[in-house]
Amino acid sequence: LEVLLVLAVWFWPDFEQNLDALRGVAPLQMLKDLVDRIGDEGVVAYVNAQHFFKGCNALGSVAAVLLAMGAVAGEAQRGTLEIWLARPISRRRLLAERFAAGALAVVVPVFVTTATLPWLLEHVNEELEMGPMFLCATHQALFLLDAYAAVFLCSCLSSSPLRIAFGFLVLAIFEFSIYMVESATHWSVFRWSDVEVYQRIYSKGALDPLRASVLAALAVALFVASQRAFARRVP
């Protein structure tokens, strides 16, 4: 994620100088609109597009699936679930610890890489307000936490990590595909984590209370569902 951010910032001066040419070769109207937004709003929109919408959404979603799909299903597939459950710790604590470890591995890199923006932007003579950027990172973390929690729930219900991974891969491709179609874009989950959302957070200097509340509540609901599913599970 940091490598992608470094490359994106390094490419910013060339991108800024060739906005008209890039807009001309953009194959979809949505991409043309994104280039126009970056032209109007500058490096803030560019960073939000490259770091959050592209980098964190793509790599974060992959990390969420990889870390969550085998949390329980992997133990069942390897035949070690019974040994895991035999530990002198409650099921609730076992699952909570595993959930927390994976969740931290998904969301912490979002904040760590965001914190490097001032140093990176100095090299291209740009700067951003970091308070709003960390709010954007918080929203991104909530979005990825929902993806992680959804896969985690499936892992508590299944014994096949590969089926879970394939199912979420197909779903992610479908959701991104409809996001790029102007008539269907509002049905895509990626509308909750696109450039427009992050630009609004940055400009207002505050999280969208409704969106943040919904994302947080969904993560909690998915975790509770995982606990209930795991409580009834047998090796």
# chains A, B, ... in the order shown; residues from 1 in each chain; ligands from 1
call {"tool": "residues_around", "arguments": {"residues": "Leu121 of chain A", "least_positions_apart": "6", "cutoff": "10 Å", "atoms": "only C-alpha atoms", "output": "list in words"}}
result
Val6, Val9, Trp10, Trp12, Val43, Val47, Glu127 and Leu128 of chain A
call {"tool": "write_last_selection", "arguments": {"atoms": "C-alpha atoms", "output": "mmCIF file, in the first residue's frame"}}
result
data_model
loop_
_atom_site.group_PDB
_atom_site.id
_atom_site.type_symbol
_atom_site.label_atom_id
_atom_site.label_comp_id
_atom_site.auth_asym_id
_atom_site.auth_seq_id
_atom_site.Cartn_x
_atom_site.Cartn_y
_atom_site.Cartn_z
ATOM 1 C CA VAL A 6 4.765 6.604 -3.175
ATOM 2 C CA VAL A 9 2.577 10.957 -5.350
ATOM 3 C CA TRP A 10 5.666 10.719 -7.548
ATOM 4 C CA TRP A 12 1.292 13.645 -9.510
ATOM 5 C CA VAL A 43 -4.013 17.154 -5.117
ATOM 6 C CA VAL A 47 -4.771 11.530 -3.180
ATOM 7 C CA GLU A 127 0.605 19.813 1.223
ATOM 8 C CA LEU A 128 -2.653 18.681 2.816
#
call {"tool": "residues_around", "arguments": {"residues": "segment 165-170 of chain A", "least_positions_apart": "4", "cutoff": "7 Å", "atoms": "only C-alpha atoms", "output": "PyMOL selection string"}}
result
chain A and resi 65+69+161+174
call {"tool": "closest_residue", "arguments": {"among": "A:Val106, A:Phe99, A:Asn125, A:Thr113", "to": "Val220 of chain A", "atoms": "only C-alpha atoms"}}
result
A:Phe99
call {"tool": "closest_residue", "arguments": {"among": "A:Leu144, A:Leu85, A:Ile178, A:Ile164", "to": "Ala231 of chain A", "atoms": "only C-alpha atoms"}}
result
A:Leu85
call {"tool": "closest_residue", "arguments": {"among": "A:Thr116, A:His139, A:Gly39, A:Glu16", "to": "Leu210 of chain A", "atoms": "only C-alpha atoms"}}
result
A:His139
call {"tool": "closest_residue", "arguments": {"among": "A:Gln50, A:Thr138, A:Ser188, A:Thr80", "to": "Tyr202 of chain A", "atoms": "only C-alpha atoms"}}
result
A:Thr138
call {"tool": "select_by_dssp", "arguments": {"residues": "chain A", "states": "helix (DSSP H, G or I)", "output": "MDAnalysis selection string"}}
result
chainID A and resid 2:17 19:25 29:41 43:69 73:78 81:85 91:114 117:122 130:157 161:179 185:187 189:193 195:204 209:231
call {"tool": "closest_residue", "arguments": {"among": "A:His51, A:Arg233, A:Arg228, A:Arg23", "to": "Tyr198 of chain A", "atoms": "only C-alpha atoms"}}
result
A:His51
call {"tool": "residues_around", "arguments": {"residues": "Phe53 of chain A", "least_positions_apart": "5", "cutoff": "8 Å", "atoms": "only C-alpha atoms", "output": "list in words"}}
result
Asn48, Ala58, Ser193, Asp194 and Val195 of chain A
call {"tool": "residues_around", "arguments": {"residues": "Ala115 of chain A", "least_positions_apart": "3", "cutoff": "9 Å", "atoms": "only C-alpha atoms", "output": "PyMOL selection string"}}
result
chain A and resi 110-112+118-119+130+133-134
call {"tool": "closest_residue", "arguments": {"among": "A:Ala229, A:Ala141, A:Ala8, A:Ala100", "to": "Leu157 of chain A", "atoms": "only C-alpha atoms"}}
result
A:Ala229
call {"tool": "residues_around", "arguments": {"residues": "Tyr179 of chain A", "least_positions_apart": "4", "cutoff": "9 Å", "atoms": "only C-alpha atoms", "output": "count of residues only"}}
result
11
call {"tool": "atom_distance", "arguments": {"atom1": "atom CA of Leu120 of chain A", "atom2": "atom CA of Leu5 of chain A"}}
result
8.7 Å
call {"tool": "residues_around", "arguments": {"residues": "Gln227 of chain A", "least_positions_apart": "4", "cutoff": "10 Å", "atoms": "only C-alpha atoms", "output": "list in words"}}
result
Arg91, Arg92, Arg93, Leu94, Leu95, Ala96, Leu153, Cys156, Ala221, Leu222, Phe223, Ala231, Arg232 and Arg233 of chain A
call {"tool": "residues_around", "arguments": {"residues": "segment 61-64 of chain A", "least_positions_apart": "6", "cutoff": "8 Å", "atoms": "only C-alpha atoms", "output": "ChimeraX atom specification"}}
result
/A:102-103,106,144-145,147-148,151
